[in-house]
>>> print(open('run-v4.pdb').read())   # PDB, C-alpha atoms
ATOM      1  CA  MET A   1     180.400  96.503  93.242
ATOM      2  CA  ALA A   2     178.544  95.228  96.381
ATOM      3  CA  GLU A   3     180.437  95.315  99.640
ATOM      4  CA  HIS A   4     180.633  92.124 101.700
ATOM      5  CA  GLU A   5     180.051  92.015 105.487
ATOM      6  CA  PRO A   6     182.862  90.720 107.614
ATOM      7  CA  LEU A   7     182.314  87.111 108.680
ATOM      8  CA  LEU A   8     182.609  88.056 112.354
ATOM      9  CA  ASN A   9     179.721  90.538 112.207
ATOM     10  CA  HIS A  10     177.559  88.037 110.288
ATOM     11  CA  GLU A  11     178.053  85.367 112.949
ATOM     12  CA  ALA A  12     177.317  87.853 115.741
ATOM     13  CA  ALA A  13     174.016  88.739 114.073
ATOM     14  CA  LYS A  14     173.085  85.068 114.002
ATOM     15  CA  GLU A  15     173.781  84.769 117.711
ATOM     16  CA  GLU A  16     171.576  87.788 118.474
ATOM     17  CA  GLN A  17     168.557  86.407 116.572
ATOM     18  CA  PRO A  18     167.658  83.654 119.094
ATOM     19  CA  GLU A  19     167.872  86.221 121.902
ATOM     20  CA  LEU A  20     165.452  88.507 120.066
ATOM     21  CA  VAL A  21     163.031  85.630 119.439
ATOM     22  CA  ALA A  22     163.195  84.563 123.075
ATOM     23  CA  SER A  23     162.558  88.101 124.303
ATOM     24  CA  SER A  24     159.587  88.494 121.947
ATOM     25  CA  LYS A  25     158.124  85.230 123.194
ATOM     26  CA  GLN A  26     158.496  86.405 126.757
ATOM     27  CA  ASN A  27     156.729  89.655 125.939
ATOM     28  CA  THR A  28     153.816  87.872 124.219
ATOM     29  CA  ARG A  29     153.556  85.151 126.830
ATOM     30  CA  ALA A  30     150.246  85.197 128.683
ATOM     31  CA  THR A  31     150.347  86.808 132.091
ATOM     32  CA  ARG A  32     148.574  85.256 135.065
ATOM     33  CA  ILE A  33     146.647  87.285 137.638
ATOM     34  CA  ALA A  34     148.094  86.384 141.022
ATOM     35  CA  SER A  35     145.071  87.583 143.016
ATOM     36  CA  LEU A  36     142.747  85.350 140.993
ATOM     37  CA  ASP A  37     145.020  82.337 141.444
ATOM     38  CA  VAL A  38     145.155  82.956 145.193
ATOM     39  CA  PHE A  39     141.385  83.280 145.459
ATOM     40  CA  ARG A  40     140.913  80.105 143.406
ATOM     41  CA  GLY A  41     143.310  78.237 145.688
ATOM     42  CA  LEU A  42     141.540  79.503 148.807
ATOM     43  CA  SER A  43     138.210  78.349 147.362
ATOM     44  CA  VAL A  44     139.588  74.861 146.768
ATOM     45  CA  PHE A  45     141.017  74.807 150.301
ATOM     46  CA  LEU A  46     137.649  75.874 151.722
ATOM     47  CA  MET A  47     135.933  73.128 149.731
ATOM     48  CA  MET A  48     138.268  70.478 151.159
ATOM     49  CA  LEU A  49     137.884  71.898 154.671
ATOM     50  CA  VAL A  50     134.096  71.731 154.753
ATOM     51  CA  ASP A  51     134.030  68.319 153.045
ATOM     52  CA  TYR A  52     136.307  66.621 155.541
ATOM     53  CA  ALA A  53     135.633  68.641 158.696
ATOM     54  CA  GLY A  54     131.914  69.142 158.129
ATOM     55  CA  SER A  55     131.039  65.787 159.676
ATOM     56  CA  ILE A  56     133.003  66.717 162.823
ATOM     57  CA  PHE A  57     131.808  70.330 163.019
ATOM     58  CA  PRO A  58     128.256  70.474 161.596
ATOM     59  CA  ILE A  59     128.200  74.250 161.973
ATOM     60  CA  ILE A  60     130.492  74.610 158.914
ATOM     61  CA  ALA A  61     128.752  71.933 156.823
ATOM     62  CA  HIS A  62     125.967  72.712 154.353
ATOM     63  CA  SER A  63     122.816  74.115 155.856
ATOM     64  CA  PRO A  64     120.090  71.411 155.754
ATOM     65  CA  TRP A  65     117.641  73.805 154.072
ATOM     66  CA  ASN A  66     117.161  77.405 155.273
ATOM     67  CA  GLY A  67     120.134  79.451 156.425
ATOM     68  CA  VAL A  68     123.758  79.838 155.353
ATOM     69  CA  HIS A  69     126.797  77.966 156.654
ATOM     70  CA  LEU A  70     130.443  78.208 155.658
ATOM     71  CA  ALA A  71     130.129  75.398 153.104
ATOM     72  CA  ASP A  72     127.385  77.303 151.274
ATOM     73  CA  PHE A  73     129.916  79.947 150.173
ATOM     74  CA  VAL A  74     132.045  77.500 148.163
ATOM     75  CA  MET A  75     129.786  77.296 145.103
ATOM     76  CA  PRO A  76     129.299  81.092 144.772
ATOM     77  CA  PHE A  77     133.063  81.537 145.080
ATOM     78  CA  PHE A  78     133.649  79.220 142.112
ATOM     79  CA  PHE A  79     131.002  81.067 140.108
ATOM     80  CA  PHE A  80     132.722  84.350 140.958
ATOM     81  CA  VAL A  81     136.049  82.967 139.722
ATOM     82  CA  ALA A  82     134.405  81.842 136.471
ATOM     83  CA  GLY A  83     132.868  85.282 135.914
ATOM     84  CA  VAL A  84     136.116  87.131 136.600
ATOM     85  CA  SER A  85     137.964  84.745 134.267
ATOM     86  CA  LEU A  86     135.547  85.594 131.456
ATOM     87  CA  ALA A  87     136.046  89.327 132.045
ATOM     88  CA  LEU A  88     139.813  88.909 131.698
ATOM     89  CA  VAL A  89     139.978  86.396 128.859
ATOM     90  CA  TYR A  90     137.396  88.103 126.622
ATOM     91  CA  LYS A  91     138.801  91.599 127.007
ATOM     92  CA  ASN A  92     140.106  91.418 123.432
ATOM     93  CA  VAL A  93     138.814  88.615 121.181
ATOM     94  CA  PRO A  94     140.191  88.720 117.626
ATOM     95  CA  ASN A  95     138.363  85.574 116.454
ATOM     96  CA  LYS A  96     134.928  84.956 117.978
ATOM     97  CA  VAL A  97     134.368  81.631 116.217
ATOM     98  CA  GLU A  98     137.614  80.171 117.541
ATOM     99  CA  ALA A  99     136.891  81.517 121.022
ATOM    100  CA  THR A 100     133.403  79.950 120.901
ATOM    101  CA  TRP A 101     134.765  76.526 120.017
ATOM    102  CA  LYS A 102     137.288  76.744 122.832
ATOM    103  CA  ALA A 103     134.567  77.706 125.322
ATOM    104  CA  VAL A 104     132.299  74.858 124.162
ATOM    105  CA  LEU A 105     135.137  72.350 124.329
ATOM    106  CA  ARG A 106     136.112  73.479 127.828
ATOM    107  CA  SER A 107     132.501  73.223 129.011
ATOM    108  CA  LEU A 108     132.069  69.738 127.543
ATOM    109  CA  LYS A 109     135.254  68.529 129.218
ATOM    110  CA  LEU A 110     134.100  69.920 132.555
ATOM    111  CA  PHE A 111     130.610  68.457 132.137
ATOM    112  CA  PHE A 112     131.774  64.912 131.345
ATOM    113  CA  LEU A 113     134.410  65.099 134.071
ATOM    114  CA  GLY A 114     131.591  65.844 136.496
ATOM    115  CA  ILE A 115     129.645  62.803 135.308
ATOM    116  CA  LEU A 116     132.759  60.657 135.702
ATOM    117  CA  LEU A 117     133.481  61.875 139.235
ATOM    118  CA  GLN A 118     129.963  62.435 140.579
ATOM    119  CA  GLY A 119     127.791  60.221 138.392
ATOM    120  CA  GLY A 120     127.084  57.757 141.186
ATOM    121  CA  TYR A 121     126.551  54.963 138.682
ATOM    122  CA  LEU A 122     129.032  52.473 140.146
ATOM    123  CA  HIS A 123     127.586  49.662 142.259
ATOM    124  CA  GLY A 124     128.880  46.593 144.029
ATOM    125  CA  ILE A 125     132.433  47.925 144.374
ATOM    126  CA  THR A 126     133.278  45.361 147.068
ATOM    127  CA  THR A 127     131.410  42.456 145.465
ATOM    128  CA  LEU A 128     131.376  40.490 142.236
ATOM    129  CA  THR A 129     128.501  42.628 140.897
ATOM    130  CA  PHE A 130     130.689  45.660 140.226
ATOM    131  CA  GLY A 131     129.591  47.607 137.162
ATOM    132  CA  VAL A 132     127.924  50.670 135.690
ATOM    133  CA  ASP A 133     124.200  51.293 135.984
ATOM    134  CA  ILE A 134     123.067  53.917 133.460
ATOM    135  CA  GLU A 135     119.578  53.949 134.955
ATOM    136  CA  ARG A 136     120.964  55.491 138.162
ATOM    137  CA  THR A 137     123.511  57.916 136.715
ATOM    138  CA  ARG A 138     123.423  61.394 138.244
ATOM    139  CA  TRP A 139     123.493  63.633 135.193
ATOM    140  CA  LEU A 140     123.765  66.970 137.011
ATOM    141  CA  GLY A 141     126.324  67.842 139.658
ATOM    142  CA  ILE A 142     128.690  70.568 140.795
ATOM    143  CA  LEU A 143     131.056  70.500 137.813
ATOM    144  CA  GLN A 144     128.166  70.145 135.368
ATOM    145  CA  ARG A 145     126.495  73.155 136.923
ATOM    146  CA  ILE A 146     129.643  75.265 136.561
ATOM    147  CA  ALA A 147     130.073  74.098 132.959
ATOM    148  CA  ILE A 148     126.540  75.110 131.950
ATOM    149  CA  GLY A 149     126.757  78.492 133.665
ATOM    150  CA  TYR A 150     130.162  79.135 132.100
ATOM    151  CA  ILE A 151     129.083  78.415 128.526
ATOM    152  CA  VAL A 152     125.926  80.530 128.858
ATOM    153  CA  ALA A 153     127.897  83.534 130.110
ATOM    154  CA  ALA A 154     130.656  83.006 127.532
ATOM    155  CA  LEU A 155     128.254  82.872 124.576
ATOM    156  CA  CYS A 156     126.449  85.981 125.806
ATOM    157  CA  GLU A 157     129.713  87.893 126.049
ATOM    158  CA  LEU A 158     130.963  86.722 122.655
ATOM    159  CA  TRP A 159     127.863  87.110 120.514
ATOM    160  CA  LEU A 160     125.424  89.529 122.115
ATOM    161  CA  PRO A 161     125.863  93.040 120.703
ATOM    162  CA  CYS A 162     127.419  95.788 122.777
ATOM    163  CA  GLN A 163     128.119  99.433 122.016
ATOM    164  CA  TRP A 164     131.156 101.489 122.868
ATOM    165  CA  TRP A 165     130.615 104.795 124.595
ATOM    166  CA  ARG A 166     133.382 107.361 124.652
ATOM    167  CA  GLY A 167     133.670 109.713 127.577
ATOM    168  CA  GLU A 168     136.263 110.241 130.203
ATOM    169  CA  GLY A 169     137.029 106.548 129.938
ATOM    170  CA  ALA A 170     136.138 103.799 127.514
ATOM    171  CA  SER A 171     133.212 101.656 128.636
ATOM    172  CA  ARG A 172     130.681  99.396 126.993
ATOM    173  CA  ASN A 173     126.908  99.357 127.101
ATOM    174  CA  TYR A 174     125.839  95.811 128.043
ATOM    175  CA  PHE A 175     122.100  96.373 127.658
ATOM    176  CA  SER A 176     121.461  93.059 125.862
ATOM    177  CA  HIS A 177     123.590  91.175 128.386
ATOM    178  CA  TRP A 178     121.669  92.560 131.328
ATOM    179  CA  CYS A 179     118.367  91.810 129.579
ATOM    180  CA  THR A 180     119.455  88.190 129.203
ATOM    181  CA  ALA A 181     120.570  88.007 132.837
ATOM    182  CA  PHE A 182     117.319  89.446 134.168
ATOM    183  CA  SER A 183     115.333  87.176 131.827
ATOM    184  CA  LEU A 184     117.027  84.126 133.368
ATOM    185  CA  CYS A 185     116.297  85.501 136.828
ATOM    186  CA  ALA A 186     112.655  86.111 135.889
ATOM    187  CA  ILE A 187     112.300  82.564 134.538
ATOM    188  CA  TYR A 188     113.768  81.193 137.750
ATOM    189  CA  LEU A 189     111.435  83.202 139.981
ATOM    190  CA  GLY A 190     108.423  82.543 137.769
ATOM    191  CA  LEU A 191     108.885  78.780 137.845
ATOM    192  CA  THR A 192     109.705  78.756 141.559
ATOM    193  CA  TYR A 193     106.599  80.628 142.661
ATOM    194  CA  GLY A 194     104.238  79.967 139.746
ATOM    195  CA  LEU A 195     104.342  76.206 139.150
ATOM    196  CA  TYR A 196     101.660  74.082 140.745
ATOM    197  CA  VAL A 197     103.118  71.047 142.519
ATOM    198  CA  PRO A 198     100.622  68.160 142.752
ATOM    199  CA  ASP A 199     100.778  65.175 145.062
ATOM    200  CA  TRP A 200     103.481  62.751 144.031
ATOM    201  CA  GLN A 201     104.803  59.338 144.925
ATOM    202  CA  PHE A 202     107.981  57.343 144.488
ATOM    203  CA  GLU A 203     109.227  53.840 145.100
ATOM    204  CA  GLU A 204     112.204  53.048 147.278
ATOM    205  CA  LEU A 205     113.782  49.782 146.185
ATOM    206  CA  GLN A 206     115.124  47.319 148.717
ATOM    207  CA  SER A 207     118.812  46.433 148.518
ATOM    208  CA  THR A 208     120.095  42.888 148.538
ATOM    209  CA  SER A 209     123.294  41.630 150.096
ATOM    210  CA  PHE A 210     125.029  42.209 146.753
ATOM    211  CA  SER A 211     124.203  45.956 146.826
ATOM    212  CA  LEU A 212     121.804  45.648 143.901
ATOM    213  CA  PRO A 213     118.220  46.926 144.025
ATOM    214  CA  SER A 214     115.609  44.184 144.056
ATOM    215  CA  ASN A 215     112.116  44.242 142.559
ATOM    216  CA  ASP A 216     110.577  44.612 146.007
ATOM    217  CA  GLY A 217     110.168  48.126 147.342
ATOM    218  CA  TYR A 218     107.960  50.456 149.293
ATOM    219  CA  ILE A 219     105.877  53.221 147.714
ATOM    220  CA  TYR A 220     105.879  56.550 149.516
ATOM    221  CA  LYS A 221     103.270  59.231 148.867
ATOM    222  CA  VAL A 222     103.910  62.938 149.388
ATOM    223  CA  ARG A 223     100.917  65.277 149.661
ATOM    224  CA  CYS A 224     101.497  68.734 148.196
ATOM    225  CA  SER A 225      98.807  70.342 145.974
ATOM    226  CA  VAL A 226     100.402  73.764 146.513
ATOM    227  CA  ARG A 227     101.943  76.557 144.489
ATOM    228  CA  GLY A 228     105.062  78.506 145.399
ATOM    229  CA  ASP A 229     106.094  76.284 148.308
ATOM    230  CA  LEU A 230     109.767  76.631 149.276
ATOM    231  CA  GLY A 231     110.038  73.600 151.551
ATOM    232  CA  PRO A 232     111.986  70.443 150.708
ATOM    233  CA  ALA A 233     108.880  68.348 150.000
ATOM    234  CA  CYS A 234     106.806  70.398 147.562
ATOM    235  CA  ASN A 235     109.111  72.871 145.829
ATOM    236  CA  ALA A 236     108.998  73.431 142.073
ATOM    237  CA  ALA A 237     112.700  72.640 141.614
ATOM    238  CA  GLY A 238     112.277  69.074 142.812
ATOM    239  CA  MET A 239     109.185  68.548 140.646
ATOM    240  CA  ILE A 240     110.979  69.732 137.490
ATOM    241  CA  ASP A 241     113.898  67.387 138.172
ATOM    242  CA  ARG A 242     111.580  64.417 138.784
ATOM    243  CA  TYR A 243     109.690  65.004 135.526
ATOM    244  CA  VAL A 244     112.609  65.928 133.246
ATOM    245  CA  ILE A 245     115.608  64.018 134.609
ATOM    246  CA  GLY A 246     113.848  61.229 136.501
ATOM    247  CA  ILE A 247     113.879  60.506 140.202
ATOM    248  CA  ASN A 248     116.414  57.683 139.773
ATOM    249  CA  HIS A 249     118.975  60.163 138.411
ATOM    250  CA  LEU A 250     118.853  62.531 141.378
ATOM    251  CA  TYR A 251     121.147  62.777 144.382
ATOM    252  CA  LYS A 252     120.387  59.868 146.708
ATOM    253  CA  LYS A 253     121.450  61.486 149.994
ATOM    254  CA  PRO A 254     120.154  65.068 150.086
ATOM    255  CA  VAL A 255     121.382  67.246 152.918
ATOM    256  CA  TYR A 256     117.851  68.088 154.067
ATOM    257  CA  ARG A 257     117.745  64.678 155.718
ATOM    258  CA  ASN A 258     119.633  66.350 158.564
ATOM    259  CA  LEU A 259     116.527  68.347 159.429
ATOM    260  CA  LYS A 260     114.848  67.588 162.728
ATOM    261  CA  GLU A 261     111.646  66.636 160.903
ATOM    262  CA  CYS A 262     113.380  63.653 159.290
ATOM    263  CA  ASN A 263     114.369  62.283 162.720
ATOM    264  CA  ILE A 264     117.322  60.223 161.473
ATOM    265  CA  SER A 265     119.533  58.424 163.978
ATOM    266  CA  LYS A 266     123.300  58.819 164.114
ATOM    267  CA  THR A 267     123.669  55.548 162.209
ATOM    268  CA  GLY A 268     121.551  56.889 159.341
ATOM    269  CA  GLN A 269     118.417  54.887 160.108
ATOM    270  CA  PHE A 270     114.925  56.310 159.591
ATOM    271  CA  SER A 271     112.326  56.079 162.315
ATOM    272  CA  GLU A 272     108.652  55.197 161.865
ATOM    273  CA  SER A 273     107.650  58.837 162.297
ATOM    274  CA  THR A 274     109.918  60.063 159.496
ATOM    275  CA  PRO A 275     107.953  61.954 156.801
ATOM    276  CA  SER A 276     107.772  60.290 153.411
ATOM    277  CA  TRP A 277     109.657  63.059 151.600
ATOM    278  CA  CYS A 278     112.765  62.413 153.722
ATOM    279  CA  HIS A 279     113.212  59.118 151.843
ATOM    280  CA  ALA A 280     113.114  60.785 148.406
ATOM    281  CA  PRO A 281     116.175  61.706 146.327
ATOM    282  CA  PHE A 282     116.733  65.402 145.666
ATOM    283  CA  ASP A 283     119.419  67.118 143.599
ATOM    284  CA  PRO A 284     120.765  70.440 144.901
ATOM    285  CA  GLU A 285     122.313  70.973 141.448
ATOM    286  CA  GLY A 286     119.079  70.496 139.514
ATOM    287  CA  ILE A 287     117.692  72.159 136.392
ATOM    288  CA  LEU A 288     116.030  75.155 138.016
ATOM    289  CA  ARG A 289     119.123  76.112 139.987
ATOM    290  CA  THR A 290     121.285  75.671 136.885
ATOM    291  CA  ILE A 291     119.135  78.214 135.001
ATOM    292  CA  LYS A 292     120.232  81.050 137.260
ATOM    293  CA  ASP A 293     123.902  80.072 137.207
ATOM    294  CA  GLY A 294     124.429  81.917 133.930
ATOM    295  CA  TYR A 295     122.954  84.973 135.654
ATOM    296  CA  THR A 296     125.284  84.531 138.651
ATOM    297  CA  ILE A 297     128.414  84.222 136.505
ATOM    298  CA  GLY A 298     127.257  87.127 134.333
ATOM    299  CA  VAL A 299     126.864  89.392 137.360
ATOM    300  CA  SER A 300     130.376  88.464 138.534
ATOM    301  CA  PHE A 301     131.633  89.238 135.034
ATOM    302  CA  HIS A 302     130.119  92.723 134.932
ATOM    303  CA  LEU A 303     131.129  93.589 138.468
ATOM    304  CA  HIS A 304     134.713  92.841 137.555
ATOM    305  CA  LEU A 305     134.621  95.160 134.535
ATOM    306  CA  TRP A 306     135.512  97.969 136.903
ATOM    307  CA  PHE A 307     138.862  96.265 137.321
ATOM    308  CA  LEU A 308     139.465  96.539 133.587
ATOM    309  CA  ASP A 309     139.628 100.343 133.809
ATOM    310  CA  PHE A 310     143.137  99.841 135.178
ATOM    311  CA  SER A 311     146.034  98.881 132.928
ATOM    312  CA  LEU A 312     145.989  95.117 132.417
ATOM    313  CA  PRO A 313     148.022  93.014 130.019
ATOM    314  CA  SER A 314     146.237  92.338 126.741
ATOM    315  CA  SER A 315     146.909  88.614 127.090
ATOM    316  CA  VAL A 316     145.867  86.954 130.329
ATOM    317  CA  SER A 317     146.215  83.257 131.153
ATOM    318  CA  LEU A 318     143.756  81.604 133.481
TER     319      LEU A 318
END
>>> encode(input="run-v4.pdb", output="structure tokens")
Amino acid sequence: MAEHEPLLNHEAAKEEQPELVASSKQNTRATRIASLDVFRGLSVFLMMLVDYAGSIFPIIAHSPWNGVHLADFVMPFFFFVAGVSLALVYKNVPNKVEATWKAVLRSLKLFFLGILLQGGYLHGITTLTFGVDIERTRWLGILQRIAIGYIVAALCELWLPCQWWRGEGASRNYFSHWCTAFSLCAIYLGLTYGLYVPDWQFEELQSTSFSLPSNDGYIYKVRCSVRGDLGPACNAAGMIDRYVIGINHLYKKPVYRNLKECNISKTGQFSESTPSWCHAPFDPEGILRTIKDGYTIGVSFHLHLWFLDFSLPSSVSL
């Protein structure tokens, strides 16, 4: 005949079950990397510092063209954070298809958030002509650039083959990943120095009192007819953006207008001796620069693989 448990012991077992479930949840809960969170916070702080203090202290603002200022480190820092995040998140991936969908969804959210925040399509905010102008939307920006670089690096890590080599420590052979990274770098250099940039022209529309462009404008001509030029007027990156995206969808106030050649007054007015290319839009987050962003994030990813030789939690939250 079966023996029955005392009621007291049965109730005590019930009370212990929630504690066991809670402890198991705590053990499986994703662990955050404090150093990465701190570096991400410092990058955001640096971004705010150069944005608000750059107009007061030009030495920390973006360099007009050649050279490096403090503000020019912000974008590489964010790319470094994205690469390190990939190295930690994709250490162990049980389901590649699910991970791919999550990466695509995250990139799409970041891309459309960038269009919403930096699209530049709003006009007439202080007048009755307020609205959205799709013909002047800036399709590429900072967040869009990070989103594209992130998804390229994520797909390479998830789907490109890699081999495991066993020695003193476990490491992986990322030959196909490095081939992809150097291919992107070669495409970038080939287009930068190999494309022929012909003479080009653009029309600057006059603005009315209601902040809307009128049909009257002035046509500026820029003489180039060069190959491999790295100046602001005749570089291959600007030509690709003008042909593919359209000049109306580029950044309207490029930082190279702060160059001495543009001769702009403190009130933002152009002089008669200002070169024609100073009036043209130019996007620092254009197509050609976006091509190499997957390479930049990939390099950050592989450099951080050395960190994975140490004992890390199998589940990391970023």
>>> residues_around(input="run-v4.pdb", residues="Ile219 in chain A", least_positions_apart="6", cutoff="7 Å", atoms="all atoms listed in the file", output="ChimeraX atom specification")
/A:201-204
>>> atom_distance(input="run-v4.pdb", atom1="CA of Tyr174 in chain A", atom2="CA of Val74 in chain A")
27.9 Å
>>> atom_distance(input="run-v4.pdb", atom1="CA of Leu86 in chain A", atom2="CA of Leu70 in chain A")
25.8 Å
>>> closest_residue(input="run-v4.pdb", among="A:Ser276, A:Thr192, A:Asn258, A:Gln269", to="Ala233 in chain A", atoms="all atoms listed in the file")
A:Ser276
>>> resolve_selection(input="run-v4.pdb", expression="the PyMOL selection byres ((chain A and resi 107) around 12)", output="NGL selection string")
:A and (82 or 100-106 or 108-114 or 143-155)
>>> resolve_selection(input="run-v4.pdb", expression="the PyMOL selection byres ((chain A and resi 46) around 12)", output="short mmCIF file (atom, residue, chain, number, x, y, z; two decimals) with C-alpha atoms, in the coordinates of the input")
data_model
loop_
_atom_site.label_atom_id
_atom_site.label_comp_id
_atom_site.auth_asym_id
_atom_site.auth_seq_id
_atom_site.Cartn_x
_atom_site.Cartn_y
_atom_site.Cartn_z
CA PHE A 39 141.38 83.28 145.46
CA ARG A 40 140.91 80.10 143.41
CA GLY A 41 143.31 78.24 145.69
CA LEU A 42 141.54 79.50 148.81
CA SER A 43 138.21 78.35 147.36
CA VAL A 44 139.59 74.86 146.77
CA PHE A 45 141.02 74.81 150.30
CA MET A 47 135.93 73.13 149.73
CA MET A 48 138.27 70.48 151.16
CA LEU A 49 137.88 71.90 154.67
CA VAL A 50 134.10 71.73 154.75
CA ASP A 51 134.03 68.32 153.04
CA TYR A 52 136.31 66.62 155.54
CA ALA A 53 135.63 68.64 158.70
CA GLY A 54 131.91 69.14 158.13
CA ILE A 60 130.49 74.61 158.91
CA ALA A 61 128.75 71.93 156.82
CA LEU A 70 130.44 78.21 155.66
CA ALA A 71 130.13 75.40 153.10
CA ASP A 72 127.38 77.30 151.27
CA PHE A 73 129.92 79.95 150.17
CA VAL A 74 132.04 77.50 148.16
CA MET A 75 129.79 77.30 145.10
CA PHE A 77 133.06 81.54 145.08
CA PHE A 78 133.65 79.22 142.11
#
>>> closest_residue(input="run-v4.pdb", among="A:Arg227, A:Lys221, A:His249, A:Lys96", to="Arg138 in chain A", atoms="all atoms listed in the file")
A:His249
>>> residues_near_point(input="run-v4.pdb", point="(125.2, 63.8, 135.0)", cutoff="6 Å", atoms="all atoms listed in the file", output="number ranges by chain")
A: 115, 119, 138-140
>>> residues_around(input="run-v4.pdb", residues="Trp277 in chain A", least_positions_apart="3", cutoff="9 Å", atoms="only C-alpha atoms", output="list in words")
Tyr220, Lys221, Val222, Pro232, Ala233, Cys234, Cys262, Thr274, Ala280 and Pro281 of chain A
>>> resolve_selection(input="run-v4.pdb", expression="the PyMOL selection byres ((chain A and resi 284) around 10)", output="number ranges by chain")
A: 140-142, 237-238, 250-251, 254-256, 281-283, 285-290
>>> write_last_selection(input="run-v4.pdb", atoms="C-alpha atoms", output="tab-separated table (two decimals), keeping the file's coordinate frame")
chain	number	residue	atom	x	y	z
A	140	LEU	CA	123.76	66.97	137.01
A	141	GLY	CA	126.32	67.84	139.66
A	142	ILE	CA	128.69	70.57	140.79
A	237	ALA	CA	112.70	72.64	141.61
A	238	GLY	CA	112.28	69.07	142.81
A	250	LEU	CA	118.85	62.53	141.38
A	251	TYR	CA	121.15	62.78	144.38
A	254	PRO	CA	120.15	65.07	150.09
A	255	VAL	CA	121.38	67.25	152.92
A	256	TYR	CA	117.85	68.09	154.07
A	281	PRO	CA	116.18	61.71	146.33
A	282	PHE	CA	116.73	65.40	145.67
A	283	ASP	CA	119.42	67.12	143.60
A	285	GLU	CA	122.31	70.97	141.45
A	286	GLY	CA	119.08	70.50	139.51
A	287	ILE	CA	117.69	72.16	136.39
A	288	LEU	CA	116.03	75.16	138.02
A	289	ARG	CA	119.12	76.11	139.99
A	290	THR	CA	121.28	75.67	136.88
